[in-house]
$ cat input-v8.cif   # mmCIF, C-alpha atoms
data_input
#
loop_
_atom_site.label_atom_id
_atom_site.label_comp_id
_atom_site.auth_asym_id
_atom_site.auth_seq_id
_atom_site.Cartn_x
_atom_site.Cartn_y
_atom_site.Cartn_z
CA MET T 13 64.19 -34.28 -44.31
CA ILE T 14 67.31 -36.42 -44.20
CA SER T 15 69.31 -36.52 -41.01
CA ASP T 16 72.71 -37.80 -42.10
CA THR T 17 75.64 -36.34 -40.23
CA THR T 18 78.13 -38.23 -42.40
CA SER T 19 77.14 -36.28 -45.53
CA VAL T 20 79.29 -33.23 -46.07
CA ALA T 21 80.12 -30.94 -48.94
CA PRO T 22 83.04 -32.25 -50.99
CA LEU T 23 86.40 -30.57 -50.51
CA SER T 24 86.73 -30.22 -54.28
CA PRO T 25 84.03 -30.26 -56.97
CA PHE T 26 85.95 -32.90 -58.91
CA VAL T 27 88.72 -35.48 -58.79
CA LEU T 28 91.31 -35.47 -61.54
CA VAL T 29 93.48 -38.52 -62.09
CA PRO T 30 96.43 -38.03 -64.46
CA PRO T 31 97.39 -40.59 -67.11
CA LEU T 32 100.04 -43.22 -66.51
CA ILE T 33 101.07 -43.14 -70.18
CA ALA T 34 101.98 -39.88 -71.89
CA GLY T 35 101.02 -38.70 -75.33
CA VAL T 36 97.41 -39.92 -75.69
CA PRO T 37 94.92 -37.10 -76.42
CA LEU T 38 92.10 -38.72 -74.48
CA VAL T 39 89.97 -37.29 -71.66
CA VAL T 40 87.45 -39.50 -69.85
CA ALA T 41 84.72 -37.94 -67.72
CA SER T 42 82.06 -39.12 -65.28
CA PRO T 43 79.92 -36.07 -64.48
CA HIS T 44 77.11 -37.87 -62.64
CA SER T 45 78.77 -40.36 -60.27
CA GLY T 46 79.31 -37.89 -57.41
CA HIS T 47 77.78 -38.87 -54.08
CA ALA T 48 78.96 -36.26 -51.54
CA TYR T 49 75.70 -34.62 -50.49
CA PRO T 50 76.07 -31.16 -48.91
CA GLN T 51 74.20 -30.96 -45.60
CA ASP T 52 72.36 -27.78 -46.60
CA PHE T 53 70.92 -29.64 -49.59
CA LEU T 54 69.88 -32.59 -47.44
CA THR T 55 68.06 -30.18 -45.15
CA LEU T 56 66.16 -28.65 -48.06
CA SER T 57 65.15 -31.98 -49.59
CA ARG T 58 61.90 -33.78 -48.90
CA LEU T 59 63.37 -37.07 -50.18
CA ASP T 60 65.33 -39.67 -48.25
CA ARG T 61 68.88 -40.52 -49.16
CA THR T 62 67.99 -43.67 -51.09
CA LEU T 63 65.59 -41.80 -53.35
CA LEU T 64 68.16 -39.08 -53.95
CA ARG T 65 70.83 -41.62 -54.83
CA ARG T 66 68.70 -43.18 -57.54
CA SER T 67 69.61 -40.18 -59.70
CA GLU T 68 73.33 -41.00 -59.55
CA ASP T 69 75.32 -42.76 -62.22
CA PHE T 70 76.19 -45.28 -59.55
CA ARG T 71 79.95 -45.97 -59.36
CA VAL T 72 80.59 -45.14 -63.00
CA ASP T 73 83.81 -43.42 -61.91
CA GLU T 74 84.98 -46.80 -60.55
CA LEU T 75 84.09 -48.53 -63.81
CA LEU T 76 86.51 -46.08 -65.47
CA ALA T 77 89.42 -46.84 -63.14
CA GLY T 78 91.45 -48.21 -66.04
CA ALA T 79 91.44 -44.89 -67.92
CA PRO T 80 94.82 -43.59 -66.64
CA GLY T 81 96.45 -46.88 -67.61
CA VAL T 82 95.49 -46.41 -71.27
CA GLY T 83 96.82 -42.86 -71.27
CA ALA T 84 93.68 -40.86 -70.47
CA HIS T 85 93.06 -38.07 -68.04
CA LEU T 86 90.11 -39.07 -65.83
CA ILE T 87 87.85 -36.44 -64.29
CA HIS T 88 84.78 -37.11 -62.20
CA ALA T 89 82.48 -34.88 -60.22
CA THR T 90 82.27 -35.39 -56.46
CA PHE T 91 78.86 -33.71 -56.01
CA PRO T 92 75.60 -35.37 -57.08
CA ARG T 93 73.78 -34.45 -60.26
CA ILE T 94 70.53 -34.02 -58.32
CA TYR T 95 72.24 -31.11 -56.54
CA CYS T 96 73.81 -29.50 -59.62
CA ASP T 97 73.90 -31.06 -63.06
CA VAL T 98 77.02 -30.28 -65.09
CA ASN T 99 75.49 -31.97 -68.14
CA ARG T 100 73.22 -28.96 -68.52
CA ASP T 101 73.99 -25.41 -69.56
CA SER T 102 74.33 -23.02 -66.63
CA ASP T 103 71.29 -21.00 -67.77
CA GLU T 104 68.94 -24.00 -67.93
CA LEU T 105 67.09 -22.82 -64.83
CA ASP T 106 63.44 -23.41 -64.02
CA PRO T 107 61.95 -20.08 -62.88
CA THR T 108 59.11 -21.86 -61.05
CA MET T 109 61.63 -23.19 -58.51
CA PHE T 110 62.67 -19.86 -57.04
CA THR T 111 61.20 -17.27 -54.72
CA GLU T 112 62.35 -14.34 -56.84
CA SER T 113 61.31 -13.54 -60.38
CA MET T 114 64.01 -14.26 -62.92
CA PRO T 115 64.79 -11.93 -65.82
CA PRO T 116 64.28 -13.75 -69.14
CA GLU T 117 67.91 -13.27 -70.17
CA ARG T 118 69.08 -15.34 -67.19
CA THR T 119 67.33 -18.55 -68.19
CA THR T 120 66.83 -20.71 -71.25
CA ILE T 121 63.65 -22.78 -71.17
CA THR T 122 64.52 -26.07 -72.84
CA PRO T 123 62.55 -29.35 -72.88
CA ARG T 124 64.83 -30.54 -70.07
CA VAL T 125 63.92 -27.51 -67.96
CA ARG T 126 60.22 -28.05 -68.62
CA ALA T 127 60.63 -31.67 -67.50
CA GLY T 128 62.16 -30.53 -64.21
CA LEU T 129 65.69 -31.58 -65.15
CA GLY T 130 67.60 -28.34 -65.54
CA VAL T 131 70.99 -27.46 -64.12
CA ILE T 132 69.33 -27.37 -60.68
CA PRO T 133 66.87 -30.27 -60.99
CA ARG T 134 63.35 -29.84 -59.65
CA ILE T 135 62.50 -33.55 -59.65
CA SER T 136 64.34 -36.78 -58.95
CA ALA T 137 64.94 -39.66 -61.35
CA SER T 138 61.62 -41.15 -60.26
CA GLY T 139 59.77 -37.90 -60.95
CA ALA T 140 59.30 -36.97 -57.28
CA PRO T 141 59.66 -33.28 -56.31
CA ILE T 142 62.97 -32.73 -54.54
CA TYR T 143 62.33 -29.64 -52.44
CA ARG T 144 59.94 -28.74 -49.64
CA THR T 145 59.60 -25.12 -50.76
CA ARG T 146 60.82 -22.77 -53.43
CA LEU T 147 64.47 -21.85 -53.24
CA PRO T 148 66.12 -18.44 -53.08
CA LEU T 149 67.76 -17.69 -56.41
CA ARG T 150 71.14 -17.36 -54.69
CA GLU T 151 70.97 -21.11 -53.98
CA ALA T 152 71.19 -21.77 -57.71
CA THR T 153 73.81 -19.12 -58.45
CA ASP T 154 75.99 -20.32 -55.57
CA ARG T 155 75.87 -23.94 -56.72
CA ILE T 156 76.70 -22.96 -60.28
CA ALA T 157 79.64 -20.84 -59.10
CA ARG T 158 80.97 -23.40 -56.60
CA PHE T 159 80.42 -26.64 -58.52
CA TRP T 160 79.33 -26.25 -62.17
CA ALA T 161 81.86 -23.57 -63.08
CA PRO T 162 84.98 -25.25 -61.57
CA TYR T 163 84.09 -28.60 -63.13
CA HIS T 164 83.74 -27.06 -66.59
CA ALA T 165 86.84 -24.91 -66.13
CA ALA T 166 88.86 -28.03 -65.38
CA LEU T 167 87.33 -30.00 -68.25
CA SER T 168 87.89 -27.12 -70.68
CA ALA T 169 91.51 -26.81 -69.56
CA LEU T 170 92.13 -30.53 -70.08
CA ILE T 171 90.68 -30.39 -73.58
CA ALA T 172 92.59 -27.22 -74.50
CA ALA T 173 95.86 -28.74 -73.28
CA GLN T 174 95.38 -31.84 -75.43
CA ILE T 175 94.53 -29.79 -78.51
CA ALA T 176 97.56 -27.57 -77.91
CA ALA T 177 99.84 -30.60 -77.59
CA HIS T 178 98.35 -32.92 -80.21
CA GLY T 179 96.01 -30.88 -82.40
CA VAL T 180 93.05 -32.98 -81.26
CA CYS T 181 91.31 -34.23 -78.14
CA VAL T 182 88.86 -37.08 -77.72
CA LEU T 183 86.41 -36.65 -74.83
CA VAL T 184 84.52 -39.74 -73.66
CA ASP T 185 81.64 -38.70 -71.39
CA CYS T 186 80.35 -41.71 -69.46
CA HIS T 187 76.96 -42.29 -67.86
CA SER T 188 74.64 -45.08 -66.76
CA MET T 189 71.08 -45.68 -67.86
CA PRO T 190 68.19 -47.36 -66.06
CA GLY T 191 66.91 -50.70 -67.18
CA THR T 192 63.29 -49.79 -66.52
CA GLY T 193 60.96 -46.99 -67.55
CA LEU T 194 61.99 -46.88 -71.22
CA ARG T 195 59.66 -49.49 -72.62
CA ALA T 196 59.19 -47.59 -75.88
CA TYR T 197 62.66 -48.72 -76.86
CA ASP T 198 64.23 -52.13 -77.19
CA MET T 199 66.88 -51.15 -74.66
CA PRO T 200 70.41 -52.27 -75.47
CA ASP T 201 73.32 -52.79 -73.10
CA PHE T 202 75.11 -49.61 -74.24
CA VAL T 203 74.05 -46.46 -76.08
CA LEU T 204 76.65 -44.45 -77.96
CA GLY T 205 75.73 -40.79 -78.44
CA ASP T 206 77.50 -38.66 -81.01
CA ALA T 207 74.71 -36.09 -81.57
CA TRP T 208 73.68 -37.91 -84.72
CA GLY T 209 77.19 -37.90 -86.15
CA SER T 210 78.05 -34.26 -85.43
CA SER T 211 80.10 -34.43 -82.21
CA CYS T 212 82.95 -36.75 -83.21
CA ALA T 213 84.66 -38.53 -86.07
CA ALA T 214 82.71 -41.49 -87.37
CA ALA T 215 85.74 -43.68 -86.69
CA LEU T 216 85.30 -43.20 -82.94
CA THR T 217 81.67 -44.29 -82.84
CA GLU T 218 82.36 -47.18 -85.19
CA ALA T 219 85.33 -48.39 -83.14
CA ALA T 220 83.39 -48.14 -79.88
CA GLU T 221 80.48 -50.06 -81.34
CA ALA T 222 82.74 -52.78 -82.76
CA CYS T 223 84.57 -53.16 -79.44
CA LEU T 224 81.39 -53.53 -77.40
CA ARG T 225 79.79 -55.92 -79.86
CA SER T 226 82.94 -58.05 -79.88
CA HIS T 227 82.30 -58.59 -76.17
CA GLY T 228 78.75 -59.74 -76.89
CA PHE T 229 76.85 -56.55 -75.98
CA ARG T 230 73.92 -54.98 -77.78
CA THR T 231 74.42 -51.34 -78.75
CA ASN T 232 72.35 -48.46 -80.06
CA ARG T 233 73.51 -45.21 -81.56
CA ASN T 234 71.81 -42.02 -80.36
CA THR T 235 68.53 -43.68 -79.35
CA PRO T 236 67.32 -42.78 -76.79
CA TYR T 237 70.44 -40.82 -75.76
CA ALA T 238 72.13 -38.76 -78.46
CA GLY T 239 74.37 -36.80 -76.09
CA GLY T 240 73.76 -34.11 -73.50
CA TYR T 241 75.18 -30.66 -72.98
CA VAL T 242 78.76 -31.88 -72.52
CA THR T 243 78.79 -33.88 -75.75
CA ARG T 244 77.16 -31.15 -77.82
CA HIS T 245 79.06 -28.24 -76.28
CA TYR T 246 82.56 -29.71 -76.48
CA GLY T 247 82.12 -32.04 -79.44
CA ARG T 248 83.19 -29.85 -82.32
CA PRO T 249 85.51 -31.82 -84.58
CA ALA T 250 86.27 -28.77 -86.72
CA THR T 251 88.00 -27.19 -83.70
CA GLY T 252 89.85 -30.40 -82.81
CA CYS T 253 87.59 -31.75 -80.05
CA HIS T 254 85.70 -34.99 -80.60
CA ALA T 255 83.14 -36.00 -77.96
CA LEU T 256 81.38 -39.33 -77.56
CA GLN T 257 78.80 -40.10 -74.88
CA VAL T 258 78.68 -43.66 -73.53
CA GLU T 259 75.62 -44.88 -71.61
CA ILE T 260 76.08 -48.14 -69.68
CA GLY T 261 73.07 -50.26 -68.79
CA ARG T 262 72.87 -50.38 -65.00
CA ALA T 263 71.58 -53.93 -64.92
CA LEU T 264 74.96 -55.04 -66.26
CA TYR T 265 76.80 -54.07 -63.11
CA MET T 266 74.43 -53.17 -60.26
CA ASP T 267 71.26 -53.99 -58.37
CA GLU T 268 69.16 -50.94 -59.19
CA ASN T 269 66.82 -51.45 -56.25
CA GLY T 270 69.46 -52.14 -53.61
CA LEU T 271 72.02 -49.67 -55.00
CA THR T 272 74.80 -52.25 -54.74
CA PRO T 273 77.24 -53.70 -57.27
CA ASN T 274 76.26 -57.07 -58.72
CA THR T 275 78.49 -59.91 -59.86
CA GLY T 276 79.02 -58.25 -63.24
CA PHE T 277 80.73 -55.17 -61.83
CA GLY T 278 84.29 -56.40 -62.34
CA ASP T 279 83.53 -57.65 -65.84
CA ILE T 280 82.05 -54.33 -66.92
CA ARG T 281 85.05 -52.49 -65.50
CA THR T 282 87.26 -54.73 -67.64
CA VAL T 283 85.09 -54.07 -70.70
CA MET T 284 85.24 -50.32 -70.12
CA THR T 285 89.03 -50.47 -69.93
CA ALA T 286 89.07 -52.37 -73.24
CA LEU T 287 86.74 -49.77 -74.77
CA LEU T 288 88.91 -46.89 -73.58
CA ARG T 289 92.04 -48.62 -74.89
CA THR T 290 90.36 -48.87 -78.29
CA LEU T 291 89.38 -45.20 -78.23
CA ALA T 292 92.88 -44.23 -77.10
CA GLY T 293 94.17 -45.85 -80.26
CA ILE T 294 91.73 -43.92 -82.44
CA ALA T 295 92.59 -40.69 -80.59
CA THR T 296 96.27 -41.27 -81.36
CA ASP T 297 95.43 -41.94 -85.01
CA LEU T 298 93.46 -38.70 -85.18
CA ALA T 299 96.48 -36.86 -83.83
CA HIS T 300 98.69 -38.51 -86.46
CA PRO T 301 96.41 -38.93 -89.49
CA SER T 302 97.07 -41.92 -91.73
CA GLY T 303 93.98 -42.03 -93.87
CA ILE T 304 91.52 -42.42 -91.00
CA ARG T 305 87.98 -41.32 -91.81
CA THR T 306 87.05 -38.23 -89.78
CA GLY T 307 83.60 -37.28 -90.96
#
$ encode --input "input-v8.cif" --output "structure tokens"
Amino acid sequence: MISDTTSVAPLSPFVLVPPLIAGVPLVVASPHSGHAYPQDFLTLSRLDRTLLRRSEDFRVDELLAGAPGVGAHLIHATFPRIYCDVNRDSDELDPTMFTESMPPERTTITPRVRAGLGVIPRISASGAPIYRTRLPLREATDRIARFWAPYHAALSALIAAQIAAHGVCVLVDCHSMPGTGLRAYDMPDFVLGDAWGSSCAAALTEAAEACLRSHGFRTNRNTPYAGGYVTRHYGRPATGCHALQVEIGRALYMDENGLTPNTGFGDIRTVMTALLRTLAGIATDLAHPSGIRTG
């Protein structure tokens, strides 16, 4: 059990930073960089704070600090993904985690749930069990109501407002990926996930790829990350919302063992600002079509 009196529940489930430039239908999100650990969760966990923090997208919200300056709304969760994962559907619950039996209609057993990585994760990023004992079901329903639901309500409202004002919205959902443990792939520096071309206009993925490669980075599309719940749920170009997931290689900007920024942190923040500026331009073009390819 962790004894950390400085860890408290966040005052709000998310931070929302408004744009500094009006008229750009761009929303940038960091759902997994939260690091305010509620004390009740710390009491329930068998893992120490360092092991818990390895599941974070470490400081990705800070890498996105330039988003408001290019005209984007920036939203990031304050709570950790290991506590409640907003990149999962709210019914992706593992019935083996809870003391009560769950009716089948209250849960959807997906491969992520089977792997222990549902909306309330059962295991950490390293595969270690998180909890000492099974949890009461109310623990899950309370977290979903207090954290998952407000985050998605705010994100949905941002997207709806952009579509109402501009006819379109581009959502860029940003994450970080480990540099180890994925030896089956020739891991690049960035992975762009557009659900195999279904979640956004091709022009967005192409522009993001060209921008990153112009800075000398290696990129993949959709392998091994094609986009999670956020990308697939909101990314529906036919309704006006385009969603692109961006995975940043952690080795580019942090020491994964020490959980500290490395000397590349400032450079990657600059690159992310350049990427978001590029996507802001495409978002504006989508709102004012001039022959841009959208399929």
$ resolve_selection --input "input-v8.cif" --expression "the PyMOL selection byres ((chain T and resi 86) around 6)" --output "ChimeraX atom specification"
/T:28-29,40-41,85,87
$ residues_near_point --input "input-v8.cif" --point "(81.7, -41.9, -85.5)" --cutoff "10 Å" --atoms "all atoms listed in the file" --output "number ranges by chain"
T: 204-221, 233, 254-256, 305-307
$ resolve_selection --input "input-v8.cif" --expression "the PyMOL selection byres ((chain T and resi 235) around 12)" --output "number ranges by chain"
T: 189, 194, 196-200, 202-208, 231-234, 236-239, 257-259
$ atom_distance --input "input-v8.cif" --atom1 "CA of His44 in chain T" --atom2 "CA of Thr122 in chain T"
20.0 Å
$ resolve_selection --input "input-v8.cif" --expression "the PyMOL selection byres ((chain T and resi 171-182) around 7)" --output "PyMOL selection string"
chain T and resi 37-39+167-170+183-184+252-255+295+298-299
$ closest_residue --input "input-v8.cif" --among "T:Phe110, T:Met284, T:Thr120, T:Arg134" --to "Pro148 in chain T" --atoms "all atoms listed in the file"
T:Phe110
$ closest_residue --input "input-v8.cif" --among "T:Asp154, T:Asp52, T:Glu74, T:Asp69" --to "Thr282 in chain T" --atoms "all atoms listed in the file"
T:Glu74
$ closest_residue --input "input-v8.cif" --among "T:Gly130, T:Gly139, T:Gly270, T:Gly278" --to "Ile156 in chain T" --atoms "only C-alpha atoms"
T:Gly130
